[in-house]
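Novice: You'll find my_file_6.txt just under this line, and it carries compact mmCIF, C-alpha atoms.
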```
# COMPACT_ATOMS: atom_id res chain seq x y z
CA MET A 24 -8.71 9.84 -4.66
CA ILE A 25 -5.37 10.64 -3.13
CA PHE A 26 -2.77 8.38 -1.56
CA LEU A 27 0.13 10.11 0.14
CA ARG A 28 3.20 8.97 1.95
CA PRO A 29 4.38 11.35 4.70
CA THR A 30 7.27 12.70 2.62
CA PRO A 31 8.43 16.33 2.70
CA GLY A 32 6.95 16.83 -0.78
CA ALA A 33 3.55 15.40 0.17
CA LYS A 34 3.47 17.52 3.31
CA LEU A 35 4.29 20.58 1.23
CA VAL A 36 1.40 19.87 -1.15
CA MET A 37 -1.00 19.48 1.79
CA LYS A 38 0.27 22.73 3.34
CA LYS A 39 -0.20 24.59 0.05
CA TRP A 40 -3.65 23.04 -0.43
CA ILE A 41 -4.71 24.26 3.02
CA GLU A 42 -3.38 27.73 2.18
CA GLU A 43 -5.35 27.74 -1.07
CA LEU A 44 -8.53 26.69 0.75
CA GLU A 45 -8.04 29.36 3.40
CA ASP A 46 -7.72 31.99 0.66
CA GLN A 47 -11.02 30.96 -0.97
CA PRO A 48 -14.28 32.72 -0.09
CA TRP A 49 -16.13 29.62 1.13
CA SER A 50 -19.70 29.84 2.36
CA LYS A 51 -22.71 27.59 2.75
CA LYS A 52 -24.33 29.31 -0.25
CA ALA A 53 -21.33 28.89 -2.52
CA LYS A 54 -20.89 25.13 -2.66
CA ALA A 55 -17.45 24.17 -1.46
CA ASN A 56 -15.18 22.57 -4.02
CA ASP A 57 -11.65 21.81 -2.93
CA GLN A 58 -10.50 20.52 -6.34
CA PRO A 59 -9.38 23.93 -7.71
CA GLY A 60 -7.37 24.56 -4.53
CA PHE A 61 -5.69 21.18 -4.88
CA ASN A 62 -4.89 21.87 -8.53
CA TRP A 63 -3.29 25.22 -7.61
CA ALA A 64 -1.30 23.55 -4.82
CA LEU A 65 0.02 20.95 -7.26
CA ASN A 66 0.97 23.65 -9.76
CA LYS A 67 2.79 25.65 -7.09
CA THR A 68 4.78 22.62 -5.89
CA ALA A 69 5.59 21.14 -9.31
CA GLY A 70 9.10 19.74 -9.26
CA GLN A 71 9.13 19.53 -5.46
CA VAL A 72 6.96 16.43 -5.14
CA ASP A 73 6.76 13.07 -6.90
CA LEU A 74 3.32 12.51 -8.40
CA TYR A 75 1.92 9.37 -9.98
CA LEU A 76 -1.53 8.64 -11.34
CA LEU A 77 -3.31 5.59 -9.98
CA PRO A 78 -4.16 3.01 -12.67
CA GLN A 79 -7.68 3.58 -13.97
CA ALA A 80 -8.49 -0.14 -14.11
CA ALA A 81 -7.90 -0.46 -10.38
CA PHE A 82 -9.29 2.92 -9.30
CA PRO A 83 -12.08 3.88 -11.72
CA SER A 84 -14.29 6.93 -11.40
CA GLY A 85 -18.02 6.52 -10.96
CA GLY A 86 -18.51 8.09 -14.37
CA LEU A 87 -16.62 5.22 -15.95
CA TYR A 88 -17.57 2.29 -13.73
CA PHE A 89 -21.30 2.90 -13.35
CA LYS A 90 -21.93 3.99 -16.95
CA ASN A 91 -19.80 1.64 -19.05
CA LYS A 92 -20.72 -2.04 -18.60
CA THR A 93 -18.37 -3.10 -21.39
CA TRP A 94 -15.38 -1.50 -19.66
CA VAL A 95 -16.38 -3.10 -16.34
CA GLU A 96 -16.45 -6.56 -17.95
CA GLU A 97 -13.15 -5.99 -19.77
CA THR A 98 -11.43 -4.98 -16.50
CA LYS A 99 -13.19 -7.44 -14.20
CA GLY A 100 -10.99 -8.59 -11.33
CA LYS A 101 -8.76 -5.51 -11.50
CA HIS A 102 -10.91 -3.05 -9.50
CA ALA A 103 -9.53 -2.12 -6.07
CA ILE A 104 -11.55 0.98 -5.14
CA ILE A 105 -14.44 2.44 -7.09
CA HIS A 106 -15.01 6.17 -6.66
CA ASN A 107 -18.75 6.65 -6.11
CA ASN A 108 -18.85 10.06 -7.76
CA TYR A 109 -21.06 11.54 -10.49
CA ILE A 110 -24.03 11.20 -8.14
CA VAL A 111 -25.25 13.56 -5.41
CA GLY A 112 -26.53 12.44 -2.01
CA PHE A 113 -25.30 10.03 0.63
CA GLU A 114 -28.34 7.71 0.42
CA LYS A 115 -28.16 7.67 -3.39
CA LYS A 116 -24.51 6.66 -3.23
CA ILE A 117 -25.28 3.82 -0.82
CA GLN A 118 -28.18 2.65 -2.98
CA ARG A 119 -26.03 2.67 -6.13
CA PHE A 120 -23.37 0.61 -4.37
CA ARG A 121 -26.10 -1.81 -3.28
CA ASP A 122 -27.52 -1.98 -6.81
CA PHE A 123 -24.09 -2.92 -8.16
CA GLY A 124 -23.31 -5.41 -5.37
CA LEU A 125 -20.61 -3.17 -3.91
CA TRP A 126 -22.17 -2.26 -0.53
CA LEU A 127 -20.68 -4.74 1.91
CA VAL A 128 -21.15 -3.08 5.29
CA ASP A 129 -24.72 -3.86 6.24
CA GLU A 130 -25.49 -5.50 9.58
CA HIS A 131 -24.25 -9.10 9.56
CA SER A 132 -23.55 -9.72 13.25
CA ASP A 133 -26.11 -12.56 13.26
CA GLU A 134 -23.87 -14.42 10.78
CA SER A 135 -20.71 -13.99 12.84
CA PRO A 136 -19.64 -16.41 15.58
CA LEU A 137 -18.56 -13.33 17.54
CA GLY A 138 -22.03 -11.76 17.38
CA LYS A 139 -22.34 -8.03 17.67
CA LEU A 140 -19.12 -6.38 18.84
```
Mind converting the file's structure to structure tokens?
Specialist:
Amino acid sequence: MIFLRPTPGAKLVMKKWIEELEDQPWSKKAKANDQPGFNWALNKTAGQVDLYLLPQAAFPSGGLYFKNKTWVEETKGKHAIIHNNYIVGFEKKIQRFRDFGLWLVDEHSDESPLGKL
């Protein structure tokens, strides 16, 4: 997960990331993965951009959140955004969020005084 402010350094990282992606031989056969390009862009702009890691308790990966119940209990109330990674497939991701009580966007217009917008 990335949060950027529109600073010159952040814009430079995005520009370099795009350049890295354009230089890669992407195809439908070779599954696209933009992480290496981002890593190269960060390396090439080191010292030109301020970088901070988001706190893991507030922004956990799916590998941590969905596989470590003890950690989830110990950090309860601190989670802001949970990365639904370490699972493949849109429907599987939605189902996992539902299973964990994290899917909150189903149809609820019948419960709203405004009805369907």
Novice: Could you check how far CA of Asp122 (chain A) sits from CA of His106 (chain A), in Å to one decimal?
Specialist: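 Answer for the CA of Asp122 (chain A) to CA of His106 (chain A) separation: 14.9 Å.
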Novice: Smallest atom-to-atom distance to Phe120 (chain A): which of A:Trp63, A:Phe26, A:Phe82, A:Tyr88, using only C-alpha atoms?
Specialist: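 Closest to Phe120 (chain A) of all the choices is A:Tyr88.
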Novice: Using Å and a single decimal, report how far CA of Ala80 (chain A) sits from CA of Trp40 (chain A).
Specialist: 27.3 Å
Novice: I need the residue nearest Leu77 (chain A) from this list: A:Tyr109, A:Pro31, A:Ile25, A:Asn62. Use all atoms listed in the file for the distance.
Specialist: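 Result for the nearest residue to Leu77 (chain A): A:Ile25.
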Novice: Kindly indicate which residue among A:Gly124, A:Glu114, A:Leu74, A:Gln58 lies nearest to Phe89 (chain A), using all atoms listed in the file for the distances.
Specialist: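 Going through A:Gly124, A:Glu114, A:Leu74, A:Gln58 one by one, the smallest distance to Phe89 (chain A) is for A:Gly124.
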Novice: Env of Arg119 (chain A): 12 Å cut, atoms = all atoms listed in the file, seq-sep filter 6 positions within chain, self excluded. Answer as a PyMOL selection string.
Specialist: chain A and resi 85+88-90+105-113+125-126
Novice: Using all atoms listed in the file, give me every residue within 9 Å of (-9.6, -2.4, -8.9) in file coordinates, as a PDB file with C-alpha atoms, keeping the file's coordinate frame.
Specialist:
```
ATOM      1  CA  PRO A  78      -4.160   3.010 -12.670  1.00  0.00           C
ATOM      2  CA  GLN A  79      -7.680   3.580 -13.970  1.00  0.00           C
ATOM      3  CA  ALA A  80      -8.490  -0.140 -14.110  1.00  0.00           C
ATOM      4  CA  ALA A  81      -7.900  -0.460 -10.380  1.00  0.00           C
ATOM      5  CA  PHE A  82      -9.290   2.920  -9.300  1.00  0.00           C
ATOM      6  CA  PRO A  83     -12.080   3.880 -11.720  1.00  0.00           C
ATOM      7  CA  THR A  98     -11.430  -4.980 -16.500  1.00  0.00           C
ATOM      8  CA  LYS A  99     -13.190  -7.440 -14.200  1.00  0.00           C
ATOM      9  CA  GLY A 100     -10.990  -8.590 -11.330  1.00  0.00           C
ATOM     10  CA  LYS A 101      -8.760  -5.510 -11.500  1.00  0.00           C
ATOM     11  CA  HIS A 102     -10.910  -3.050  -9.500  1.00  0.00           C
ATOM     12  CA  ALA A 103      -9.530  -2.120  -6.070  1.00  0.00           C
ATOM     13  CA  ILE A 104     -11.550   0.980  -5.140  1.00  0.00           C
ATOM     14  CA  ILE A 105     -14.440   2.440  -7.090  1.00  0.00           C
TER      15      ILE A 105
END
```
Novice: What does the distance between CA of Lys39 (chain A) and CA of Leu27 (chain A) come to in Å, to one decimal place?
Specialist: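 According to the coordinates, CA of Lys39 (chain A) and CA of Leu27 (chain A) are separated by 14.5 Å.
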Novice: Would you mind telling me which residue in A:Lys115, A:Val95, A:Ala69, A:Phe61 lies nearest to Met24 (chain A) when using only C-alpha atoms?
Specialist: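 Using only C-alpha atoms, Met24 (chain A) sits closest to A:Phe61.
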Novice: Would you please work out which residue, of A:Gly70, A:Gly86, A:Pro59, A:Gly32, is nearest to Asp46 (chain A) when using all atoms listed in the file?
Specialist: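 Closest candidate: A:Pro59.
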Novice: Using all atoms listed in the file, determine which residues lie at most 10 Å from Gly60 (chain A), disregarding the query and same-chain residues fewer than 5 positions distant; provide the list as a list in words.
Specialist: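 So the residues in contact are Lys39, Trp40, Ile41, Glu42, Glu43, Leu44, Glu45, Asp46, Gln47, Leu65 and Asn66 of chain A.
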